[in-house]
Each structure stands twice: as structure tokens, then as C-alpha cells.
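**Student:** Mind having a look at this structure? Questions to follow.
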Amino acid sequence: MLAGIKAVIVDLDGTMVDTLGDFVVALNHTLEDIGLPPVDRLMVERSVGKGSEHLVRTVLDHQLALPEVVAAAGVALSWPREQVGELALERYQHHYLFINGQHSEVYPGVLEGLQRLQATGLPMACLTNKPLAFAQALLEIKGLDGFFSQVFGGDSFERKKPDPLPLLKTCEALGTLPAQTLMVGDSQNDGIAARAAGCPVALVNYGYNHGDPIAEAPHDRLIGSLVELLD
Ligand SMILES: O=C(O)COP(=O)(O)O
Ligand SMILES: [Mg+2]
């Protein structure tokens with residue numbers, strides 16, 4: 001997999017760290033602030049991957065459409081409905097800042113995989129749709145920050161994955177051509193972005209892919225652990 005590869009870009013949520021618990025806790029604190037019922041894990045798992053704004057909007061729309069919420073028309077929301085979207089995002093960011101990393105775990109094989117990649121001398125970047133400040137803090141909390149010469153988040157560029165722009169910009173920062181830069185991710189957002197950017201792509205089979213089979217996402221290789229990149 002590494003033949004001809006000059007640098008590696010690694011996704012964060014669902015690839016290096018299982019952050020589903022963080023998302024669920026921050027979202028449920030937010031929903032509680034609004035006066036809405038808590039969301040279930042499966043719903044969150046299916047909505048993760050396209051950045052915070054998309055996640056909060058999707059979960060909020062889902063909760064507002066719940067039969068019990070609709071039935072209680074005029075349910076006692078804490079804010080006027082027109083402002084709920086904007087305020088929910090604000091509350092979510094507030095809560096996430098406090099719980100970041102507390103309900104999440106590094107996946108098996110990640111540390112060893114990164115150590116072995118680092119030992120090959122390949123420069124590595126982390127590219128996530130998570131806001132940059134949360135991504136940097138999470139990498140630090142989990143002891144993964146030392147592996148990456150560059151870290152970019154969902155707010156680092158004009159557009160997020162699955163748009164190819166963040167990958168092209170990351171390749172530029174690494175100083176490598178897309179065709180020589182391996183993307184490692186867990187979702188169709190990574191696969192589609194990599195294909196469009198011209199980067200080879202390996203996808204892990206254990207992350208979050210909007211509830212769709214990962215084999216259906218564009219990829220050159222499916223792996224069960226980052227260690228397999230060294231095979
Ligand atoms: O925050 C998200 O939407 C997921 O981010 P990811 O790009 O690290 O999977
Ligand atoms: Mg991911």
C-alpha cells in the first residue's frame with residue numbers, strides 16, 4: 001500500500017478515535033438546554049462525518065420531528081423556534097469544549113500503526129471535518145499530536161470533505177502530489193474527497209459511514225487496523 005507513497009493524511013473521528021460518546025453527550029446536553037428529548041446513539045452515528053453544523057442541524061431536525069414533540073405542538077422550547085438552530089450550535093460548541101475526549105477512545109492498532117508509519121519517515125497530516133480547535137485538543141488529550149506535521153479541521157478551508165479542496169490544500173502543505181499522498185479514513189466523505197483529489201485511499205472498516213456499508217464508498221483498500229497499512 002505504501003509503494004510510491006511520499007506522505008500520509010489521516011482522518012480523525014471514526015479512524016483514529018472512537019468519538020461517538022463525546023458527540024452523544026455534547027448533543028444531549030444541548031437538547032436538554034433546548035427542552036428536547038435526548039437522541040439515541042445510532043442516530044448520532046449515522047449523522048457524524050460532515051462537521052458540527054451538519055450534525056447539530058440533522059439531530060435537531062430529527063428531534064423536532066419526533067411524534068411526541070410534534071404532538072405537544074408548542075412544546076416548551078427554551079428559545080423561539082427561528083433561533084433554535086443557531087443557538088443549538090452555540091450550546092453544542094460550549095458543551096463539546098468541556099467534554100472533548102472524555103467519552104472517546106483511541107481504536108486498537110492506531111498507536112502502533114502511527115508509530116510504524118512514523119518510523120518509515122513519511123510525513124503525516126491529520127485532516128478532519130471536526131473544528132480545528134477540538135481536533136488539536138483531542139489529539140493532545142489522546143497522545144496522538146506528536147505524529148502530525150500539519151493538522152487541519154472542518155473550519156480550516158472554505159469547504160469540507162467530501163469536497164476535494166481540503167485534501168488538495170493538505171497535499172500542498174505537505175509538499176507532495178495527490179497521487180503520492182495516501183488518504184486514510186473511515187467514511188464516504190474521505191473516499192469521495194480522495195478520489196476527486198486524485199489521492200489513493202484506504203478506508204478502515206470500523207468507523208462511521210452514515211449507516212451505509214463502507215465497501216460501497218470509493219477506496220483502493222479496506223483495512224481492519226492502521227497497522228495493515230504497513231503490510
Ligand atoms: O466531525 C465530523 O464530522 C467528523 O470528522 P472526521 O472528518 O474526523 O471524520
Ligand atoms: Mg471520520
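Note on naming: chains are A, B, ... as they come in the C-alpha cells, residues start from 1 per chain, ligands start from 1 in the order shown.
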Can I get the residues close to ligand 1 as a list in words, where close means within 7 Å and we count only C-alpha atoms and all ligand atoms?

**Tutor:**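 Taking only C-alpha atoms and all ligand atoms into account, the residues around ligand 1 at most 7 Å away are Asp11, Leu12, Asp13, Gly14, Val48, Gly49, Lys50, Gly51, Ser52, Leu55, Leu127, Thr128, Asn129, Lys130, Pro131 and Asp186 of chain A.
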
**Student:** Enumerate as a VMD selection string the residues within 12 Å of ligand 2, counting only C-alpha atoms and all ligand atoms.

**Tutor:** chain A and resid 9 to 20 45 to 51 126 to 130 135 153 to 154 160 to 162 183 to 191 203 to 210 214

**Student:** Check segment 12-197 of chain A with DSSP on the backbone and list each residue it calls alpha helix (DSSP H), as a PDB file with N, CA and C atoms, in the first residue's frame.

**Tutor:**
ATOM      1  N   LEU A  20     -17.791   8.709  19.250  1.00  0.00           N
ATOM      2  CA  LEU A  20     -19.257   8.705  19.274  1.00  0.00           C
ATOM      3  C   LEU A  20     -19.797   9.133  20.646  1.00  0.00           C
ATOM      4  N   GLY A  21     -19.167   8.653  21.716  1.00  0.00           N
ATOM      5  CA  GLY A  21     -19.612   9.003  23.070  1.00  0.00           C
ATOM      6  C   GLY A  21     -19.563  10.505  23.317  1.00  0.00           C
ATOM      7  N   ASP A  22     -18.505  11.168  22.850  1.00  0.00           N
ATOM      8  CA  ASP A  22     -18.398  12.626  23.008  1.00  0.00           C
ATOM      9  C   ASP A  22     -19.547  13.335  22.284  1.00  0.00           C
ATOM     10  N   PHE A  23     -19.799  12.890  21.043  1.00  0.00           N
ATOM     11  CA  PHE A  23     -20.871  13.516  20.253  1.00  0.00           C
ATOM     12  C   PHE A  23     -22.217  13.363  20.967  1.00  0.00           C
ATOM     13  N   VAL A  24     -22.493  12.148  21.449  1.00  0.00           N
ATOM     14  CA  VAL A  24     -23.791  11.880  22.091  1.00  0.00           C
ATOM     15  C   VAL A  24     -23.951  12.751  23.342  1.00  0.00           C
ATOM     16  N   VAL A  25     -22.919  12.808  24.172  1.00  0.00           N
ATOM     17  CA  VAL A  25     -23.013  13.574  25.421  1.00  0.00           C
ATOM     18  C   VAL A  25     -23.185  15.072  25.129  1.00  0.00           C
ATOM     19  N   ALA A  26     -22.383  15.615  24.218  1.00  0.00           N
ATOM     20  CA  ALA A  26     -22.480  17.056  23.921  1.00  0.00           C
ATOM     21  C   ALA A  26     -23.846  17.385  23.303  1.00  0.00           C
ATOM     22  N   LEU A  27     -24.337  16.498  22.429  1.00  0.00           N
ATOM     23  CA  LEU A  27     -25.647  16.730  21.802  1.00  0.00           C
ATOM     24  C   LEU A  27     -26.761  16.653  22.836  1.00  0.00           C
ATOM     25  N   ASN A  28     -26.674  15.691  23.744  1.00  0.00           N
ATOM     26  CA  ASN A  28     -27.761  15.551  24.722  1.00  0.00           C
ATOM     27  C   ASN A  28     -27.778  16.684  25.750  1.00  0.00           C
ATOM     28  N   HIS A  29     -26.615  17.218  26.108  1.00  0.00           N
ATOM     29  CA  HIS A  29     -26.600  18.431  26.950  1.00  0.00           C
ATOM     30  C   HIS A  29     -27.283  19.573  26.196  1.00  0.00           C
ATOM     31  N   THR A  30     -26.991  19.668  24.904  1.00  0.00           N
ATOM     32  CA  THR A  30     -27.568  20.728  24.066  1.00  0.00           C
ATOM     33  C   THR A  30     -29.088  20.590  23.986  1.00  0.00           C
ATOM     34  N   LEU A  31     -29.558  19.353  23.725  1.00  0.00           N
ATOM     35  CA  LEU A  31     -31.000  19.116  23.602  1.00  0.00           C
ATOM     36  C   LEU A  31     -31.713  19.421  24.918  1.00  0.00           C
ATOM     37  N   GLU A  32     -31.035  19.095  26.009  1.00  0.00           N
ATOM     38  CA  GLU A  32     -31.612  19.381  27.327  1.00  0.00           C
ATOM     39  C   GLU A  32     -31.770  20.897  27.510  1.00  0.00           C
ATOM     40  N   ASP A  33     -30.761  21.654  27.099  1.00  0.00           N
ATOM     41  CA  ASP A  33     -30.842  23.125  27.180  1.00  0.00           C
ATOM     42  C   ASP A  33     -32.051  23.654  26.407  1.00  0.00           C
ATOM     43  N   ILE A  34     -32.320  23.004  25.252  1.00  0.00           N
ATOM     44  CA  ILE A  34     -33.400  23.479  24.374  1.00  0.00           C
ATOM     45  C   ILE A  34     -34.772  23.053  24.892  1.00  0.00           C
ATOM     46  N   ARG A  41     -27.878   6.816  20.182  1.00  0.00           N
ATOM     47  CA  ARG A  41     -26.531   6.687  19.616  1.00  0.00           C
ATOM     48  C   ARG A  41     -26.539   6.391  18.124  1.00  0.00           C
ATOM     49  N   LEU A  42     -27.468   5.539  17.694  1.00  0.00           N
ATOM     50  CA  LEU A  42     -27.500   5.127  16.292  1.00  0.00           C
ATOM     51  C   LEU A  42     -27.757   6.330  15.374  1.00  0.00           C
ATOM     52  N   MET A  43     -28.667   7.181  15.824  1.00  0.00           N
ATOM     53  CA  MET A  43     -28.984   8.385  15.053  1.00  0.00           C
ATOM     54  C   MET A  43     -27.728   9.265  14.928  1.00  0.00           C
ATOM     55  N   VAL A  44     -26.998   9.388  16.028  1.00  0.00           N
ATOM     56  CA  VAL A  44     -25.789  10.220  16.020  1.00  0.00           C
ATOM     57  C   VAL A  44     -24.735   9.583  15.107  1.00  0.00           C
ATOM     58  N   GLU A  45     -24.565   8.270  15.243  1.00  0.00           N
ATOM     59  CA  GLU A  45     -23.561   7.561  14.442  1.00  0.00           C
ATOM     60  C   GLU A  45     -23.800   7.784  12.944  1.00  0.00           C
ATOM     61  N   ARG A  46     -25.081   7.788  12.552  1.00  0.00           N
ATOM     62  CA  ARG A  46     -25.416   7.963  11.141  1.00  0.00           C
ATOM     63  C   ARG A  46     -25.222   9.396  10.669  1.00  0.00           C
ATOM     64  N   SER A  47     -25.138  10.333  11.594  1.00  0.00           N
ATOM     65  CA  SER A  47     -25.089  11.753  11.220  1.00  0.00           C
ATOM     66  C   SER A  47     -23.694  12.356  11.322  1.00  0.00           C
ATOM     67  N   SER A  52     -19.627  19.757  12.473  1.00  0.00           N
ATOM     68  CA  SER A  52     -20.532  20.052  13.591  1.00  0.00           C
ATOM     69  C   SER A  52     -21.858  20.651  13.139  1.00  0.00           C
ATOM     70  N   GLU A  53     -21.804  21.584  12.177  1.00  0.00           N
ATOM     71  CA  GLU A  53     -23.043  22.278  11.771  1.00  0.00           C
ATOM     72  C   GLU A  53     -24.039  21.262  11.232  1.00  0.00           C
ATOM     73  N   HIS A  54     -23.549  20.367  10.371  1.00  0.00           N
ATOM     74  CA  HIS A  54     -24.400  19.338   9.771  1.00  0.00           C
ATOM     75  C   HIS A  54     -24.943  18.406  10.853  1.00  0.00           C
ATOM     76  N   LEU A  55     -24.098  18.007  11.789  1.00  0.00           N
ATOM     77  CA  LEU A  55     -24.509  17.088  12.855  1.00  0.00           C
ATOM     78  C   LEU A  55     -25.612  17.712  13.716  1.00  0.00           C
ATOM     79  N   VAL A  56     -25.394  18.939  14.159  1.00  0.00           N
ATOM     80  CA  VAL A  56     -26.362  19.599  15.042  1.00  0.00           C
ATOM     81  C   VAL A  56     -27.675  19.827  14.301  1.00  0.00           C
ATOM     82  N   ARG A  57     -27.598  20.273  13.056  1.00  0.00           N
ATOM     83  CA  ARG A  57     -28.808  20.534  12.275  1.00  0.00           C
ATOM     84  C   ARG A  57     -29.609  19.245  12.061  1.00  0.00           C
ATOM     85  N   THR A  58     -28.899  18.148  11.710  1.00  0.00           N
ATOM     86  CA  THR A  58     -29.580  16.879  11.432  1.00  0.00           C
ATOM     87  C   THR A  58     -30.266  16.353  12.688  1.00  0.00           C
ATOM     88  N   VAL A  59     -29.560  16.389  13.807  1.00  0.00           N
ATOM     89  CA  VAL A  59     -30.119  15.864  15.055  1.00  0.00           C
ATOM     90  C   VAL A  59     -31.288  16.738  15.524  1.00  0.00           C
ATOM     91  N   LEU A  60     -31.136  18.032  15.398  1.00  0.00           N
ATOM     92  CA  LEU A  60     -32.198  18.957  15.813  1.00  0.00           C
ATOM     93  C   LEU A  60     -33.470  18.728  14.988  1.00  0.00           C
ATOM     94  N   ASP A  61     -33.313  18.633  13.662  1.00  0.00           N
ATOM     95  CA  ASP A  61     -34.476  18.392  12.786  1.00  0.00           C
ATOM     96  C   ASP A  61     -35.150  17.078  13.166  1.00  0.00           C
ATOM     97  N   HIS A  62     -34.330  16.064  13.457  1.00  0.00           N
ATOM     98  CA  HIS A  62     -34.859  14.741  13.818  1.00  0.00           C
ATOM     99  C   HIS A  62     -35.659  14.815  15.116  1.00  0.00           C
ATOM    100  N   GLN A  63     -35.122  15.511  16.118  1.00  0.00           N
ATOM    101  CA  GLN A  63     -35.801  15.586  17.412  1.00  0.00           C
ATOM    102  C   GLN A  63     -37.078  16.432  17.332  1.00  0.00           C
ATOM    103  N   LEU A  64     -37.027  17.495  16.526  1.00  0.00           N
ATOM    104  CA  LEU A  64     -38.208  18.361  16.391  1.00  0.00           C
ATOM    105  C   LEU A  64     -39.344  17.650  15.661  1.00  0.00           C
ATOM    106  N   PRO A  67     -42.667  12.199  16.964  1.00  0.00           N
ATOM    107  CA  PRO A  67     -44.124  12.280  17.162  1.00  0.00           C
ATOM    108  C   PRO A  67     -44.500  12.944  18.490  1.00  0.00           C
ATOM    109  N   GLU A  68     -43.765  12.625  19.562  1.00  0.00           N
ATOM    110  CA  GLU A  68     -44.159  13.200  20.857  1.00  0.00           C
ATOM    111  C   GLU A  68     -43.905  14.707  20.915  1.00  0.00           C
ATOM    112  N   VAL A  69     -42.901  15.169  20.136  1.00  0.00           N
ATOM    113  CA  VAL A  69     -42.607  16.609  20.115  1.00  0.00           C
ATOM    114  C   VAL A  69     -43.655  17.327  19.256  1.00  0.00           C
ATOM    115  N   VAL A  70     -43.962  16.710  18.102  1.00  0.00           N
ATOM    116  CA  VAL A  70     -44.965  17.305  17.206  1.00  0.00           C
ATOM    117  C   VAL A  70     -46.331  17.332  17.905  1.00  0.00           C
ATOM    118  N   ALA A  71     -46.653  16.222  18.605  1.00  0.00           N
ATOM    119  CA  ALA A  71     -47.954  16.121  19.287  1.00  0.00           C
ATOM    120  C   ALA A  71     -48.098  17.206  20.347  1.00  0.00           C
ATOM    121  N   ARG A  81     -38.434  29.349  17.972  1.00  0.00           N
ATOM    122  CA  ARG A  81     -38.050  28.324  17.013  1.00  0.00           C
ATOM    123  C   ARG A  81     -37.066  28.818  15.948  1.00  0.00           C
ATOM    124  N   GLU A  82     -37.250  30.080  15.484  1.00  0.00           N
ATOM    125  CA  GLU A  82     -36.351  30.587  14.423  1.00  0.00           C
ATOM    126  C   GLU A  82     -34.910  30.653  14.905  1.00  0.00           C
ATOM    127  N   GLN A  83     -34.724  30.771  16.201  1.00  0.00           N
ATOM    128  CA  GLN A  83     -33.356  30.933  16.716  1.00  0.00           C
ATOM    129  C   GLN A  83     -32.743  29.630  17.218  1.00  0.00           C
ATOM    130  N   VAL A  84     -33.564  28.569  17.212  1.00  0.00           N
ATOM    131  CA  VAL A  84     -33.105  27.329  17.831  1.00  0.00           C
ATOM    132  C   VAL A  84     -31.848  26.767  17.155  1.00  0.00           C
ATOM    133  N   GLY A  85     -31.838  26.802  15.798  1.00  0.00           N
ATOM    134  CA  GLY A  85     -30.699  26.237  15.066  1.00  0.00           C
ATOM    135  C   GLY A  85     -29.388  26.897  15.460  1.00  0.00           C
ATOM    136  N   GLU A  86     -29.395  28.209  15.417  1.00  0.00           N
ATOM    137  CA  GLU A  86     -28.181  28.975  15.703  1.00  0.00           C
ATOM    138  C   GLU A  86     -27.743  28.793  17.163  1.00  0.00           C
ATOM    139  N   LEU A  87     -28.709  28.876  18.065  1.00  0.00           N
ATOM    140  CA  LEU A  87     -28.375  28.747  19.487  1.00  0.00           C
ATOM    141  C   LEU A  87     -27.941  27.335  19.836  1.00  0.00           C
ATOM    142  N   ALA A  88     -28.531  26.342  19.158  1.00  0.00           N
ATOM    143  CA  ALA A  88     -28.143  24.952  19.415  1.00  0.00           C
ATOM    144  C   ALA A  88     -26.676  24.749  19.077  1.00  0.00           C
ATOM    145  N   LEU A  89     -26.236  25.312  17.958  1.00  0.00           N
ATOM    146  CA  LEU A  89     -24.833  25.160  17.567  1.00  0.00           C
ATOM    147  C   LEU A  89     -23.910  25.808  18.595  1.00  0.00           C
ATOM    148  N   GLU A  90     -24.331  26.954  19.081  1.00  0.00           N
ATOM    149  CA  GLU A  90     -23.554  27.664  20.100  1.00  0.00           C
ATOM    150  C   GLU A  90     -23.444  26.824  21.388  1.00  0.00           C
ATOM    151  N   ARG A  91     -24.589  26.286  21.833  1.00  0.00           N
ATOM    152  CA  ARG A  91     -24.606  25.465  23.057  1.00  0.00           C
ATOM    153  C   ARG A  91     -23.778  24.203  22.854  1.00  0.00           C
ATOM    154  N   TYR A  92     -23.894  23.590  21.665  1.00  0.00           N
ATOM    155  CA  TYR A  92     -23.167  22.365  21.357  1.00  0.00           C
ATOM    156  C   TYR A  92     -21.653  22.613  21.463  1.00  0.00           C
ATOM    157  N   GLN A  93     -21.204  23.709  20.878  1.00  0.00           N
ATOM    158  CA  GLN A  93     -19.770  24.006  20.922  1.00  0.00           C
ATOM    159  C   GLN A  93     -19.303  24.252  22.356  1.00  0.00           C
ATOM    160  N   HIS A  94     -20.152  24.909  23.116  1.00  0.00           N
ATOM    161  CA  HIS A  94     -19.858  25.160  24.528  1.00  0.00           C
ATOM    162  C   HIS A  94     -19.694  23.833  25.279  1.00  0.00           C
ATOM    163  N   HIS A  95     -20.646  22.923  25.098  1.00  0.00           N
ATOM    164  CA  HIS A  95     -20.589  21.638  25.809  1.00  0.00           C
ATOM    165  C   HIS A  95     -19.422  20.768  25.316  1.00  0.00           C
ATOM    166  N   TYR A  96     -19.228  20.776  23.981  1.00  0.00           N
ATOM    167  CA  TYR A  96     -18.184  19.899  23.413  1.00  0.00           C
ATOM    168  C   TYR A  96     -16.807  20.261  23.967  1.00  0.00           C
ATOM    169  N   LEU A  97     -16.590  21.552  24.100  1.00  0.00           N
ATOM    170  CA  LEU A  97     -15.306  22.043  24.628  1.00  0.00           C
ATOM    171  C   LEU A  97     -14.995  21.410  25.986  1.00  0.00           C
ATOM    172  N   PHE A  98     -16.018  21.244  26.803  1.00  0.00           N
ATOM    173  CA  PHE A  98     -15.810  20.715  28.151  1.00  0.00           C
ATOM    174  C   PHE A  98     -15.650  19.205  28.193  1.00  0.00           C
ATOM    175  N   ILE A  99     -16.343  18.494  27.296  1.00  0.00           N
ATOM    176  CA  ILE A  99     -16.317  17.017  27.384  1.00  0.00           C
ATOM    177  C   ILE A  99     -15.371  16.374  26.364  1.00  0.00           C
ATOM    178  N   VAL A 110      -4.132   1.847  16.350  1.00  0.00           N
ATOM    179  CA  VAL A 110      -3.839   3.204  15.869  1.00  0.00           C
ATOM    180  C   VAL A 110      -2.439   3.653  16.305  1.00  0.00           C
ATOM    181  N   LEU A 111      -2.164   3.502  17.592  1.00  0.00           N
ATOM    182  CA  LEU A 111      -0.866   3.955  18.104  1.00  0.00           C
ATOM    183  C   LEU A 111       0.269   3.211  17.402  1.00  0.00           C
ATOM    184  N   GLU A 112       0.141   1.891  17.331  1.00  0.00           N
ATOM    185  CA  GLU A 112       1.190   1.090  16.687  1.00  0.00           C
ATOM    186  C   GLU A 112       1.299   1.443  15.196  1.00  0.00           C
ATOM    187  N   GLY A 113       0.163   1.610  14.553  1.00  0.00           N
ATOM    188  CA  GLY A 113       0.163   1.966  13.128  1.00  0.00           C
ATOM    189  C   GLY A 113       0.863   3.300  12.893  1.00  0.00           C
ATOM    190  N   LEU A 114       0.551   4.291  13.718  1.00  0.00           N
ATOM    191  CA  LEU A 114       1.168   5.618  13.560  1.00  0.00           C
ATOM    192  C   LEU A 114       2.659   5.558  13.871  1.00  0.00           C
ATOM    193  N   GLN A 115       3.023   4.778  14.895  1.00  0.00           N
ATOM    194  CA  GLN A 115       4.449   4.661  15.242  1.00  0.00           C
ATOM    195  C   GLN A 115       5.222   4.034  14.087  1.00  0.00           C
ATOM    196  N   ARG A 116       4.626   3.003  13.491  1.00  0.00           N
ATOM    197  CA  ARG A 116       5.318   2.322  12.396  1.00  0.00           C
ATOM    198  C   ARG A 116       5.357   3.185  11.134  1.00  0.00           C
ATOM    199  N   LEU A 117       4.311   3.962  10.899  1.00  0.00           N
ATOM    200  CA  LEU A 117       4.333   4.884   9.759  1.00  0.00           C
ATOM    201  C   LEU A 117       5.413   5.953   9.977  1.00  0.00           C
ATOM    202  N   GLN A 118       5.455   6.464  11.204  1.00  0.00           N
ATOM    203  CA  GLN A 118       6.438   7.498  11.529  1.00  0.00           C
ATOM    204  C   GLN A 118       7.861   6.967  11.330  1.00  0.00           C
ATOM    205  N   ALA A 119       8.053   5.699  11.694  1.00  0.00           N
ATOM    206  CA  ALA A 119       9.377   5.087  11.574  1.00  0.00           C
ATOM    207  C   ALA A 119       9.812   4.968  10.108  1.00  0.00           C
ATOM    208  N   LEU A 132     -11.110  22.719  14.009  1.00  0.00           N
ATOM    209  CA  LEU A 132      -9.674  22.572  14.272  1.00  0.00           C
ATOM    210  C   LEU A 132      -9.323  22.595  15.763  1.00  0.00           C
ATOM    211  N   ALA A 133      -9.914  23.515  16.508  1.00  0.00           N
ATOM    212  CA  ALA A 133      -9.564  23.636  17.930  1.00  0.00           C
ATOM    213  C   ALA A 133      -9.903  22.347  18.682  1.00  0.00           C
ATOM    214  N   PHE A 134     -11.044  21.743  18.361  1.00  0.00           N
ATOM    215  CA  PHE A 134     -11.436  20.489  19.021  1.00  0.00           C
ATOM    216  C   PHE A 134     -10.512  19.353  18.587  1.00  0.00           C
ATOM    217  N   ALA A 135     -10.124  19.354  17.323  1.00  0.00           N
ATOM    218  CA  ALA A 135      -9.255  18.293  16.803  1.00  0.00           C
ATOM    219  C   ALA A 135      -7.873  18.356  17.460  1.00  0.00           C
ATOM    220  N   GLN A 136      -7.326  19.562  17.545  1.00  0.00           N
ATOM    221  CA  GLN A 136      -5.994  19.711  18.155  1.00  0.00           C
ATOM    222  C   GLN A 136      -6.027  19.280  19.614  1.00  0.00           C
ATOM    223  N   ALA A 137      -7.061  19.697  20.339  1.00  0.00           N
ATOM    224  CA  ALA A 137      -7.172  19.340  21.758  1.00  0.00           C
ATOM    225  C   ALA A 137      -7.330  17.833  21.917  1.00  0.00           C
ATOM    226  N   LEU A 138      -8.144  17.211  21.067  1.00  0.00           N
ATOM    227  CA  LEU A 138      -8.376  15.771  21.171  1.00  0.00           C
ATOM    228  C   LEU A 138      -7.085  14.990  20.891  1.00  0.00           C
ATOM    229  N   LEU A 139      -6.351  15.392  19.851  1.00  0.00           N
ATOM    230  CA  LEU A 139      -5.090  14.699  19.533  1.00  0.00           C
ATOM    231  C   LEU A 139      -4.139  14.770  20.730  1.00  0.00           C
ATOM    232  N   GLU A 140      -4.118  15.927  21.360  1.00  0.00           N
ATOM    233  CA  GLU A 140      -3.236  16.123  22.518  1.00  0.00           C
ATOM    234  C   GLU A 140      -3.664  15.243  23.694  1.00  0.00           C
ATOM    235  N   ILE A 141      -4.971  15.284  24.006  1.00  0.00           N
ATOM    236  CA  ILE A 141      -5.519  14.512  25.128  1.00  0.00           C
ATOM    237  C   ILE A 141      -5.227  13.025  24.945  1.00  0.00           C
ATOM    238  N   LEU A 165     -11.215  19.942  -1.962  1.00  0.00           N
ATOM    239  CA  LEU A 165     -10.363  21.088  -1.594  1.00  0.00           C
ATOM    240  C   LEU A 165      -9.483  20.842  -0.356  1.00  0.00           C
ATOM    241  N   PRO A 166     -10.034  20.335   0.762  1.00  0.00           N
ATOM    242  CA  PRO A 166      -9.183  20.146   1.942  1.00  0.00           C
ATOM    243  C   PRO A 166      -8.011  19.177   1.689  1.00  0.00           C
ATOM    244  N   LEU A 167      -8.237  18.160   0.853  1.00  0.00           N
ATOM    245  CA  LEU A 167      -7.144  17.221   0.553  1.00  0.00           C
ATOM    246  C   LEU A 167      -6.086  17.884  -0.313  1.00  0.00           C
ATOM    247  N   LEU A 168      -6.546  18.657  -1.307  1.00  0.00           N
ATOM    248  CA  LEU A 168      -5.587  19.331  -2.188  1.00  0.00           C
ATOM    249  C   LEU A 168      -4.745  20.330  -1.387  1.00  0.00           C
ATOM    250  N   LYS A 169      -5.394  21.042  -0.468  1.00  0.00           N
ATOM    251  CA  LYS A 169      -4.673  22.016   0.366  1.00  0.00           C
ATOM    252  C   LYS A 169      -3.698  21.310   1.310  1.00  0.00           C
ATOM    253  N   THR A 170      -4.111  20.144   1.802  1.00  0.00           N
ATOM    254  CA  THR A 170      -3.233  19.400   2.722  1.00  0.00           C
ATOM    255  C   THR A 170      -2.020  18.863   1.965  1.00  0.00           C
ATOM    256  N   CYS A 171      -2.242  18.359   0.751  1.00  0.00           N
ATOM    257  CA  CYS A 171      -1.111  17.901  -0.077  1.00  0.00           C
ATOM    258  C   CYS A 171      -0.139  19.060  -0.304  1.00  0.00           C
ATOM    259  N   GLU A 172      -0.705  20.228  -0.596  1.00  0.00           N
ATOM    260  CA  GLU A 172       0.123  21.416  -0.827  1.00  0.00           C
ATOM    261  C   GLU A 172       0.980  21.708   0.401  1.00  0.00           C
ATOM    262  N   ALA A 173       0.356  21.629   1.579  1.00  0.00           N
ATOM    263  CA  ALA A 173       1.082  21.903   2.828  1.00  0.00           C
ATOM    264  C   ALA A 173       2.162  20.853   3.081  1.00  0.00           C
ATOM    265  N   LEU A 174       1.874  19.618   2.676  1.00  0.00           N
ATOM    266  CA  LEU A 174       2.856  18.542   2.866  1.00  0.00           C
ATOM    267  C   LEU A 174       3.954  18.595   1.803  1.00  0.00           C
ATOM    268  N   GLN A 188     -17.424   7.621   3.497  1.00  0.00           N
ATOM    269  CA  GLN A 188     -17.569   8.045   2.103  1.00  0.00           C
ATOM    270  C   GLN A 188     -17.053   9.467   1.913  1.00  0.00           C
ATOM    271  N   ASN A 189     -17.084  10.284   2.959  1.00  0.00           N
ATOM    272  CA  ASN A 189     -16.573  11.656   2.831  1.00  0.00           C
ATOM    273  C   ASN A 189     -15.081  11.645   2.500  1.00  0.00           C
ATOM    274  N   ASP A 190     -14.361  10.710   3.123  1.00  0.00           N
ATOM    275  CA  ASP A 190     -12.929  10.571   2.850  1.00  0.00           C
ATOM    276  C   ASP A 190     -12.708   9.952   1.468  1.00  0.00           C
ATOM    277  N   GLY A 191     -13.470   8.897   1.157  1.00  0.00           N
ATOM    278  CA  GLY A 191     -13.310   8.187  -0.114  1.00  0.00           C
ATOM    279  C   GLY A 191     -13.622   9.072  -1.312  1.00  0.00           C
ATOM    280  N   ILE A 192     -14.731   9.800  -1.224  1.00  0.00           N
ATOM    281  CA  ILE A 192     -15.151  10.657  -2.341  1.00  0.00           C
ATOM    282  C   ILE A 192     -14.157  11.809  -2.527  1.00  0.00           C
ATOM    283  N   ALA A 193     -13.754  12.415  -1.409  1.00  0.00           N
ATOM    284  CA  ALA A 193     -12.801  13.534  -1.475  1.00  0.00           C
ATOM    285  C   ALA A 193     -11.471  13.070  -2.060  1.00  0.00           C
ATOM    286  N   ALA A 194     -11.005  11.895  -1.630  1.00  0.00           N
ATOM    287  CA  ALA A 194      -9.718  11.381  -2.101  1.00  0.00           C
ATOM    288  C   ALA A 194      -9.762  11.093  -3.604  1.00  0.00           C
ATOM    289  N   ARG A 195     -10.822  10.434  -4.047  1.00  0.00           N
ATOM    290  CA  ARG A 195     -10.971  10.142  -5.484  1.00  0.00           C
ATOM    291  C   ARG A 195     -10.935  11.436  -6.291  1.00  0.00           C
ATOM    292  N   ALA A 196     -11.708  12.426  -5.837  1.00  0.00           N
ATOM    293  CA  ALA A 196     -11.810  13.686  -6.583  1.00  0.00           C
ATOM    294  C   ALA A 196     -10.487  14.450  -6.572  1.00  0.00           C
ATOM    295  N   ALA A 197      -9.705  14.272  -5.507  1.00  0.00           N
ATOM    296  CA  ALA A 197      -8.420  14.974  -5.409  1.00  0.00           C
ATOM    297  C   ALA A 197      -7.316  14.214  -6.142  1.00  0.00           C
TER     298      ALA A 197
END

**Student:** Could you give me, as a list in words, each residue of chain A that DSSP assigns to strand (DSSP E or B) when run on this structure's backbone?

**Tutor:**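 Of chain A, only Ala7, Val8, Ile9, Val10, Asp13, Val17, Asp18, Glu105, Val106, Met124, Ala125, Cys126, Leu127, Gln150, Val151, Phe152, Thr181, Leu182, Met183, Val184, Gly185, Val201, Ala202, Leu203, Val204, Arg221, Leu222 and Ile223 of chain A fall in strand (DSSP E or B).
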
**Student:** Output the selection as a compact mmCIF listing (two decimals), in the first residue's frame - C-alpha atoms for each residue.

**Tutor:**
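Output below, filename selection01.txt:
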# COMPACT_ATOMS: atom_id res chain seq x y z
CA ALA A 7 3.08 11.31 2.66
CA VAL A 8 0.01 10.14 4.56
CA ILE A 9 -3.17 12.05 5.51
CA VAL A 10 -5.18 10.55 8.36
CA ASP A 13 -13.23 10.73 14.07
CA VAL A 17 -10.56 7.92 17.78
CA ASP A 18 -14.00 6.47 18.54
CA GLU A 105 -11.21 6.01 22.94
CA VAL A 106 -8.30 5.52 20.55
CA MET A 124 1.85 12.80 8.15
CA ALA A 125 -1.05 15.24 8.35
CA CYS A 126 -4.34 14.92 10.19
CA LEU A 127 -7.34 16.15 8.18
CA GLN A 150 0.06 19.50 9.96
CA VAL A 151 -3.44 19.39 11.45
CA PHE A 152 -6.43 20.80 9.54
CA THR A 181 -0.33 11.08 -0.88
CA LEU A 182 -2.31 8.32 0.81
CA MET A 183 -5.62 9.27 2.48
CA VAL A 184 -6.68 7.04 5.38
CA GLY A 185 -10.28 7.46 6.50
CA VAL A 201 -7.33 5.96 -0.33
CA ALA A 202 -7.52 3.27 2.35
CA LEU A 203 -10.67 3.05 4.46
CA VAL A 204 -10.98 1.39 7.87
CA ARG A 221 -8.10 -0.78 0.06
CA LEU A 222 -10.24 -1.69 3.07
CA ILE A 223 -8.35 -2.29 6.30

**Student:** What's the separation between atom CA of Lys6 of chain A and atom CA of Leu229 of chain A, in Å to one decimal place?

**Tutor:** 13.6 Å
